[in-house]
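Report on the structure given below.
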Amino acid sequence: MKLSKSILAAGVGIAALASASLAHAEPTAEVLHWWTSGGEAKAVAALKKDFEEHGGKWQDSPVAGGAGDAAMTVLRSRVLSGDAPSAVQLKGPAIQEWAEQGALANLNDVAKKEKWDEVIPQRIQEIMKYKGDYVAVPVNIHRVNWIWSNPELLAKVGATEGPKTWAEFNTLADKLKAAGITPLAHGGQPWQDATIFETVVLGMGGPEFFQKALIDLDEDALKSDTMKNVFDEMRKIRGYVDPDFPGRDWNLATAMVMNGKAAMQIMGDWAKGEFLAAGKVPGKDFLCSATPADNGNGFLFNTDSFAMFKVDGEDKIEGQKLLAELIVGKKFQKTFNLLKGSIPARTGVSLDDFDDCAKKSAADMAADEKTGGFLPSMAHGMALPGHLSGAIVDVVTAHFNSDMTSDEAMNRLVEAIELAKD
Ligand code: GAL
């Protein structure tokens, strides 16, 4: 806005002008996200609808690609060319990294008005704040360590539920294979390999080991008998997937379980969003169970969130405030999470209308929070900055797609992490 000298001379206060233009600004938001699968698209459509019903103008900027790798590449180039989108799906330590660059807008006004400090759990607040200021808003809590299975296929080998230990998993998978059924639906993309890997780390090592290996990056844990067992198990799992797995999108793997082409998928509960979008009923058409836990339970969490980038223009700034307010609101958290497969990221939303998988998620989360088993997902960018998780994911994928021994994988893991730290 350019103010002429005469207006200033006429004594019109700048504040009055600003609020007049605010009143007329149409809240606008360009939203960069990667929610393009069936279930994801339904969920993001609910956000768009809510925003539009509140007078907002939504500019959709979807970038396809599970787990957002492609979206983050687009984000970097947009910011570098001085054209940041106003609202961006961003999570975990990446929020801190962008905030450090001075790229994110401060949301404290909305936070105060909406009492976010009272309704957002402390652990999640810490992720959303930079140096005490809100710079992002949480959408949900996804659990990563789930197995989704097809009850009809399990029944063919006499199973009625998901396996509880990795030994049970292997026995079940062997039986399925012998019966001519693909045990595991998988998409060979690095983040999907890493998703399986981290559930094996948690399941075989237990929460404490997960913390040491994938969060503290403790060398003794990274090179240990337990980690060797983890890579041995990854090699076994490689034998349980069908030959067409390379490059397959995660939602197509979910469809294999849905359509009876494979018995199980290890994936976060966004997979449930896919089943639901296809009209499938949990407990009947598909089953959810926590991934095998040999050494104590655990919950790998993955909280999606939106950060608001610094942009010019009252319409955009108003759009950011409106979007942030709606996202944390109770109504949105319920509608969205019912579609997305996750559970709300704030207190005060009843789970009565949610299914049994969501209720299990909430109950397990509460139990695991008490025992130190509530842990951030490495594969989904919650545990480590991108350069460190990237180093781990590269090794995991290289091992999964070759004949690399478990010993070599462990050596490479330590080396890659050391290099990335420098
Ligand atoms: C995750 C994201 C989920 C889901 C998934 C697949 O990283 O947190 O919301 O969309 O990727 O795209």
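Going by the structure tokens order, chains are called A, B, ..., each with residues numbered from 1, while ligands are numbered from 1 in the order shown.
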Checklist entry - Which chains and residue numbers are within 7 Å of ligand 1, counting only C-alpha atoms and all ligand atoms, if I want them as a ChimeraX atom specification? => result /A:34-35,40,65-68,270,302-304,380
With C-alpha atoms retained, export the selected residues as an mmCIF file, in the first residue's frame.
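Contents of part35.cif, as written:
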data_model
loop_
_atom_site.group_PDB
_atom_site.id
_atom_site.type_symbol
_atom_site.label_atom_id
_atom_site.label_comp_id
_atom_site.auth_asym_id
_atom_site.auth_seq_id
_atom_site.Cartn_x
_atom_site.Cartn_y
_atom_site.Cartn_z
ATOM 1 C CA TRP A 34 0.963 -33.415 -1.234
ATOM 2 C CA TRP A 35 -2.420 -34.875 -0.445
ATOM 3 C CA GLU A 40 -5.900 -37.615 1.202
ATOM 4 C CA GLY A 65 4.275 -37.813 -4.264
ATOM 5 C CA GLY A 66 3.845 -39.724 -1.002
ATOM 6 C CA ALA A 67 5.526 -38.344 2.105
ATOM 7 C CA GLY A 68 6.102 -35.012 0.397
ATOM 8 C CA TRP A 270 -3.257 -42.572 6.100
ATOM 9 C CA ASN A 302 3.712 -38.339 12.570
ATOM 10 C CA THR A 303 1.950 -35.019 12.965
ATOM 11 C CA ASP A 304 1.028 -33.155 9.811
ATOM 12 C CA HIS A 380 8.300 -39.160 8.158
#
Checklist entry - Running DSSP on the backbone, which parts of stretch 164-260 of chain A land in strand (DSSP E or B), as a ChimeraX atom specification? => result /A:182-184,188,241,246
Serialized selection, C-alpha atoms, as a PDB file, in the first residue's frame:
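Produced file selection00.pdb, reproduced below:
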ATOM      1  CA  THR A 182       1.737 -62.220  -1.729  1.00  0.00           C
ATOM      2  CA  PRO A 183       2.317 -61.639   2.000  1.00  0.00           C
ATOM      3  CA  LEU A 184       3.207 -57.952   1.853  1.00  0.00           C
ATOM      4  CA  GLY A 188       9.574 -49.551  -3.473  1.00  0.00           C
ATOM      5  CA  VAL A 241       6.910 -58.556  -1.564  1.00  0.00           C
ATOM      6  CA  PRO A 246       9.766 -50.932  -7.356  1.00  0.00           C
TER       7      PRO A 246
END
Checklist entry - Do you know which residues are at most 10 Å from stretch 333-341 of chain A counting only C-alpha atoms, after dropping those on the same chain fewer than 2 positions away, and could you put them as a PyMOL selection string? => result chain A and resi 35+38-47+50+138-143+268-277+326-331+343-347+349-351+353-355+357-358
Serialized selection, N, CA and C atoms, as a short mmCIF file (atom, residue, chain, number, x, y, z; two decimals), in the first residue's frame:
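Result went into selection-v1.cif, see below:
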data_model
loop_
_atom_site.label_atom_id
_atom_site.label_comp_id
_atom_site.auth_asym_id
_atom_site.auth_seq_id
_atom_site.Cartn_x
_atom_site.Cartn_y
_atom_site.Cartn_z
N TRP A 35 -1.32 -33.94 -0.70
CA TRP A 35 -2.42 -34.88 -0.45
C TRP A 35 -3.23 -35.12 -1.71
N GLY A 38 -6.66 -40.92 -2.99
CA GLY A 38 -8.11 -40.87 -2.76
C GLY A 38 -8.50 -40.34 -1.39
N GLY A 39 -7.95 -40.95 -0.35
CA GLY A 39 -8.29 -40.56 1.02
C GLY A 39 -7.75 -39.17 1.35
N GLU A 40 -6.52 -38.92 0.93
CA GLU A 40 -5.90 -37.61 1.20
C GLU A 40 -6.69 -36.48 0.54
N ALA A 41 -7.09 -36.73 -0.71
CA ALA A 41 -7.81 -35.68 -1.45
C ALA A 41 -9.13 -35.36 -0.77
N LYS A 42 -9.81 -36.38 -0.26
CA LYS A 42 -11.07 -36.14 0.44
C LYS A 42 -10.85 -35.29 1.68
N ALA A 43 -9.76 -35.60 2.38
CA ALA A 43 -9.47 -34.88 3.62
C ALA A 43 -9.13 -33.42 3.33
N VAL A 44 -8.30 -33.19 2.33
CA VAL A 44 -7.92 -31.80 2.06
C VAL A 44 -9.11 -31.02 1.48
N ALA A 45 -10.02 -31.72 0.80
CA ALA A 45 -11.22 -31.05 0.29
C ALA A 45 -12.07 -30.52 1.45
N ALA A 46 -12.02 -31.23 2.58
CA ALA A 46 -12.78 -30.78 3.74
C ALA A 46 -12.21 -29.47 4.29
N LEU A 47 -10.89 -29.34 4.21
CA LEU A 47 -10.26 -28.10 4.67
C LEU A 47 -10.63 -26.95 3.74
N ASP A 50 -14.24 -25.86 4.37
CA ASP A 50 -14.37 -25.09 5.61
C ASP A 50 -13.86 -23.66 5.38
N PRO A 138 -0.91 -27.64 13.96
CA PRO A 138 -1.01 -29.10 13.77
C PRO A 138 -2.38 -29.52 13.25
N VAL A 139 -2.36 -30.50 12.37
CA VAL A 139 -3.59 -30.98 11.77
C VAL A 139 -4.07 -32.28 12.42
N ASN A 140 -3.10 -33.13 12.77
CA ASN A 140 -3.49 -34.48 13.16
C ASN A 140 -2.36 -35.21 13.89
N ILE A 141 -2.70 -36.39 14.37
CA ILE A 141 -1.65 -37.30 14.83
C ILE A 141 -1.85 -38.62 14.07
N HIS A 142 -0.91 -38.89 13.19
CA HIS A 142 -0.89 -40.17 12.49
C HIS A 142 -0.01 -41.12 13.28
N ARG A 143 -0.39 -42.40 13.28
CA ARG A 143 0.50 -43.42 13.84
C ARG A 143 1.12 -44.14 12.63
N GLY A 268 1.49 -46.17 7.70
CA GLY A 268 0.81 -45.30 8.65
C GLY A 268 -0.69 -45.26 8.37
N ASP A 269 -1.44 -44.64 9.30
CA ASP A 269 -2.89 -44.76 9.17
C ASP A 269 -3.52 -43.86 8.12
N TRP A 270 -2.68 -43.19 7.30
CA TRP A 270 -3.26 -42.57 6.10
C TRP A 270 -3.76 -43.68 5.17
N ALA A 271 -3.24 -44.91 5.35
CA ALA A 271 -3.76 -46.05 4.57
C ALA A 271 -5.22 -46.30 4.92
N LYS A 272 -5.57 -46.05 6.18
CA LYS A 272 -6.97 -46.24 6.56
C LYS A 272 -7.86 -45.26 5.79
N GLY A 273 -7.34 -44.05 5.57
CA GLY A 273 -8.07 -43.07 4.75
C GLY A 273 -8.39 -43.62 3.37
N GLU A 274 -7.47 -44.42 2.82
CA GLU A 274 -7.70 -45.02 1.49
C GLU A 274 -8.83 -46.06 1.56
N PHE A 275 -8.74 -46.93 2.58
CA PHE A 275 -9.79 -47.95 2.72
C PHE A 275 -11.16 -47.27 2.89
N LEU A 276 -11.20 -46.25 3.74
CA LEU A 276 -12.48 -45.59 4.01
C LEU A 276 -13.02 -44.90 2.76
N ALA A 277 -12.10 -44.25 2.02
CA ALA A 277 -12.54 -43.55 0.80
C ALA A 277 -13.14 -44.54 -0.20
N LEU A 326 -9.00 -22.03 11.68
CA LEU A 326 -9.89 -23.14 11.35
C LEU A 326 -9.22 -24.49 11.60
N ILE A 327 -7.94 -24.58 11.24
CA ILE A 327 -7.23 -25.87 11.37
C ILE A 327 -7.22 -26.35 12.82
N VAL A 328 -6.98 -25.46 13.73
CA VAL A 328 -6.93 -25.89 15.13
C VAL A 328 -8.34 -26.04 15.72
N GLY A 329 -9.32 -25.50 15.04
CA GLY A 329 -10.70 -25.56 15.55
C GLY A 329 -11.21 -26.99 15.69
N LYS A 330 -12.14 -27.18 16.65
CA LYS A 330 -12.65 -28.53 16.94
C LYS A 330 -13.37 -29.15 15.75
N LYS A 331 -14.14 -28.32 15.06
CA LYS A 331 -14.98 -28.86 13.98
C LYS A 331 -14.10 -29.45 12.89
N ILE A 343 -5.89 -39.15 14.16
CA ILE A 343 -6.71 -38.67 15.27
C ILE A 343 -6.37 -37.19 15.51
N PRO A 344 -7.28 -36.46 16.18
CA PRO A 344 -7.07 -35.02 16.36
C PRO A 344 -5.78 -34.69 17.11
N ALA A 345 -5.25 -33.51 16.79
CA ALA A 345 -4.00 -33.07 17.42
C ALA A 345 -4.27 -32.11 18.56
N ARG A 346 -5.54 -31.99 18.95
CA ARG A 346 -5.86 -31.07 20.04
C ARG A 346 -6.80 -31.78 21.01
N THR A 347 -6.94 -31.21 22.16
CA THR A 347 -7.84 -31.80 23.15
C THR A 347 -9.26 -31.35 22.87
N VAL A 349 -11.83 -32.94 21.46
CA VAL A 349 -12.62 -33.47 20.34
C VAL A 349 -13.01 -34.90 20.69
N SER A 350 -14.30 -35.16 20.76
CA SER A 350 -14.75 -36.51 21.15
C SER A 350 -14.43 -37.52 20.05
N LEU A 351 -14.04 -38.72 20.48
CA LEU A 351 -13.72 -39.77 19.49
C LEU A 351 -14.91 -40.69 19.26
N ASP A 353 -17.41 -40.70 17.34
CA ASP A 353 -17.76 -41.05 15.95
C ASP A 353 -16.61 -41.71 15.19
N PHE A 354 -15.48 -41.88 15.85
CA PHE A 354 -14.32 -42.48 15.18
C PHE A 354 -14.39 -44.01 15.27
N ASP A 355 -13.67 -44.70 14.37
CA ASP A 355 -13.73 -46.16 14.37
C ASP A 355 -12.76 -46.75 15.41
N CYS A 357 -10.05 -48.45 15.05
CA CYS A 357 -8.60 -48.26 14.82
C CYS A 357 -8.18 -46.91 15.43
N ALA A 358 -8.98 -45.89 15.22
CA ALA A 358 -8.66 -44.57 15.77
C ALA A 358 -8.69 -44.62 17.30
#
Item to check | Non-local contacts of A:Met410 (12 Å; only C-alpha atoms; under 2 positions in same chain excluded) as an NGL selection string | outcome: :A and (213 or 219-232 or 392 or 395-396 or 398-399 or 404-408 or 412-417)
Next on the checklist: as a PyMOL selection string, please: the residues near A:Lys164 (cut-off 9 Å, only C-alpha atoms, same-chain neighbours under 3 positions excluded).
Outcome noted: chain A and resi 161+167-169+289-294
Next on the checklist: Give me the residues near A:His186 as number ranges by chain, where near means some atom within 12 Å (using only C-alpha atoms) and where sequence neighbours in that chain fewer than 2 positions away do not count.
Outcome noted: A: 147-148, 182-184, 188-196, 237-257, 261-267, 400
With N, CA and C atoms retained, could you export that selection as a short mmCIF file (atom, residue, chain, number, x, y, z; two decimals), in the first residue's frame?
data_model
loop_
_atom_site.label_atom_id
_atom_site.label_comp_id
_atom_site.auth_asym_id
_atom_site.auth_seq_id
_atom_site.Cartn_x
_atom_site.Cartn_y
_atom_site.Cartn_z
N ILE A 147 -0.07 -52.43 10.83
CA ILE A 147 -0.24 -53.39 9.73
C ILE A 147 -1.72 -53.38 9.33
N TRP A 148 -1.95 -53.23 8.05
CA TRP A 148 -3.32 -53.29 7.49
C TRP A 148 -3.44 -54.63 6.81
N THR A 182 0.66 -63.18 -2.03
CA THR A 182 1.74 -62.22 -1.73
C THR A 182 1.55 -61.76 -0.29
N PRO A 183 2.53 -62.01 0.60
CA PRO A 183 2.32 -61.64 2.00
C PRO A 183 2.22 -60.13 2.22
N LEU A 184 3.13 -59.38 1.53
CA LEU A 184 3.21 -57.95 1.85
C LEU A 184 3.08 -57.08 0.61
N GLY A 188 8.14 -49.77 -3.60
CA GLY A 188 9.57 -49.55 -3.47
C GLY A 188 9.96 -48.11 -3.74
N GLN A 189 9.74 -47.27 -2.78
CA GLN A 189 10.22 -45.89 -2.81
C GLN A 189 10.98 -45.72 -1.49
N PRO A 190 12.05 -44.93 -1.49
CA PRO A 190 12.87 -44.86 -0.28
C PRO A 190 12.07 -44.62 1.01
N TRP A 191 11.12 -43.69 0.98
CA TRP A 191 10.39 -43.40 2.23
C TRP A 191 9.55 -44.58 2.68
N GLN A 192 9.09 -45.40 1.71
CA GLN A 192 8.29 -46.57 2.11
C GLN A 192 9.20 -47.66 2.69
N ASP A 193 10.38 -47.83 2.11
CA ASP A 193 11.34 -48.78 2.70
C ASP A 193 11.66 -48.34 4.13
N ALA A 194 11.85 -47.02 4.29
CA ALA A 194 12.20 -46.49 5.62
C ALA A 194 11.05 -46.65 6.61
N THR A 195 9.84 -46.59 6.11
CA THR A 195 8.67 -46.77 6.98
C THR A 195 8.68 -48.19 7.57
N ILE A 196 8.96 -49.17 6.71
CA ILE A 196 9.03 -50.55 7.23
C ILE A 196 10.21 -50.68 8.19
N ILE A 237 11.97 -59.61 4.65
CA ILE A 237 10.78 -58.90 4.16
C ILE A 237 10.88 -58.69 2.64
N ARG A 238 12.10 -58.47 2.18
CA ARG A 238 12.32 -58.30 0.74
C ARG A 238 11.79 -59.52 -0.03
N GLY A 239 11.85 -60.66 0.63
CA GLY A 239 11.34 -61.89 0.01
C GLY A 239 9.83 -62.04 0.10
N TYR A 240 9.16 -61.15 0.82
CA TYR A 240 7.71 -61.27 0.99
C TYR A 240 6.93 -60.31 0.10
N VAL A 241 7.64 -59.51 -0.71
CA VAL A 241 6.91 -58.56 -1.56
C VAL A 241 6.88 -59.09 -3.00
N ASP A 242 5.95 -58.61 -3.80
CA ASP A 242 5.82 -59.13 -5.17
C ASP A 242 6.90 -58.50 -6.07
N PRO A 243 7.16 -59.08 -7.24
CA PRO A 243 8.25 -58.57 -8.09
C PRO A 243 8.01 -57.17 -8.65
N ASP A 244 6.77 -56.72 -8.67
CA ASP A 244 6.50 -55.40 -9.28
C ASP A 244 6.56 -54.25 -8.29
N PHE A 245 7.17 -54.47 -7.14
CA PHE A 245 7.11 -53.43 -6.10
C PHE A 245 7.88 -52.14 -6.41
N PRO A 246 8.98 -52.18 -7.23
CA PRO A 246 9.77 -50.93 -7.36
C PRO A 246 8.94 -49.75 -7.87
N GLY A 247 9.08 -48.65 -7.19
CA GLY A 247 8.45 -47.40 -7.63
C GLY A 247 6.96 -47.30 -7.38
N ARG A 248 6.34 -48.34 -6.87
CA ARG A 248 4.88 -48.31 -6.70
C ARG A 248 4.47 -47.29 -5.63
N ASP A 249 3.41 -46.53 -5.91
CA ASP A 249 2.92 -45.58 -4.92
C ASP A 249 2.26 -46.33 -3.75
N TRP A 250 2.33 -45.73 -2.58
CA TRP A 250 1.84 -46.40 -1.38
C TRP A 250 0.35 -46.73 -1.45
N ASN A 251 -0.42 -45.82 -2.10
CA ASN A 251 -1.87 -46.06 -2.14
C ASN A 251 -2.21 -47.22 -3.07
N LEU A 252 -1.35 -47.48 -4.05
CA LEU A 252 -1.58 -48.64 -4.91
C LEU A 252 -1.28 -49.92 -4.15
N ALA A 253 -0.32 -49.84 -3.24
CA ALA A 253 -0.05 -50.99 -2.37
C ALA A 253 -1.26 -51.23 -1.45
N THR A 254 -1.84 -50.15 -0.95
CA THR A 254 -3.04 -50.30 -0.10
C THR A 254 -4.16 -50.97 -0.91
N ALA A 255 -4.27 -50.55 -2.17
CA ALA A 255 -5.32 -51.13 -3.03
C ALA A 255 -5.11 -52.63 -3.22
N MET A 256 -3.87 -53.08 -3.19
CA MET A 256 -3.60 -54.52 -3.33
C MET A 256 -4.21 -55.30 -2.16
N VAL A 257 -4.10 -54.72 -0.97
CA VAL A 257 -4.69 -55.38 0.21
C VAL A 257 -6.22 -55.36 0.08
N LYS A 261 -5.08 -58.79 -3.47
CA LYS A 261 -3.85 -59.14 -4.21
C LYS A 261 -2.66 -59.35 -3.28
N ALA A 262 -2.78 -58.90 -2.07
CA ALA A 262 -1.73 -59.09 -1.06
C ALA A 262 -2.41 -59.09 0.30
N ALA A 263 -1.75 -59.77 1.27
CA ALA A 263 -2.43 -59.94 2.56
C ALA A 263 -2.27 -58.77 3.51
N MET A 264 -1.09 -58.12 3.49
CA MET A 264 -0.83 -57.09 4.51
C MET A 264 -0.08 -55.91 3.91
N GLN A 265 -0.16 -54.78 4.59
CA GLN A 265 0.71 -53.63 4.25
C GLN A 265 1.16 -53.00 5.57
N ILE A 266 2.44 -52.66 5.62
CA ILE A 266 2.94 -51.91 6.78
C ILE A 266 2.94 -50.45 6.37
N MET A 267 2.10 -49.66 7.00
CA MET A 267 1.97 -48.25 6.57
C MET A 267 1.26 -47.46 7.68
N PHE A 400 17.96 -52.66 0.98
CA PHE A 400 16.73 -53.38 0.61
C PHE A 400 16.79 -53.82 -0.86
#
Checklist entry - Tell me, which residues of stretch 72-197 of chain A carry DSSP alpha helix (DSSP H), written as a VMD selection string? => result chain A and resid 72 to 80 93 to 100 108 to 114 116 to 119 122 to 128 151 to 156 166 to 178 190 to 197
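What separates atom CA of A:Phe51 from atom CA of A:Leu323 is a distance of 6.5 Å.
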Item to check | d(atom CA of A:Phe309, atom CA of A:Val88) in Å | outcome: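 These two atoms are separated by 7.4 Å.
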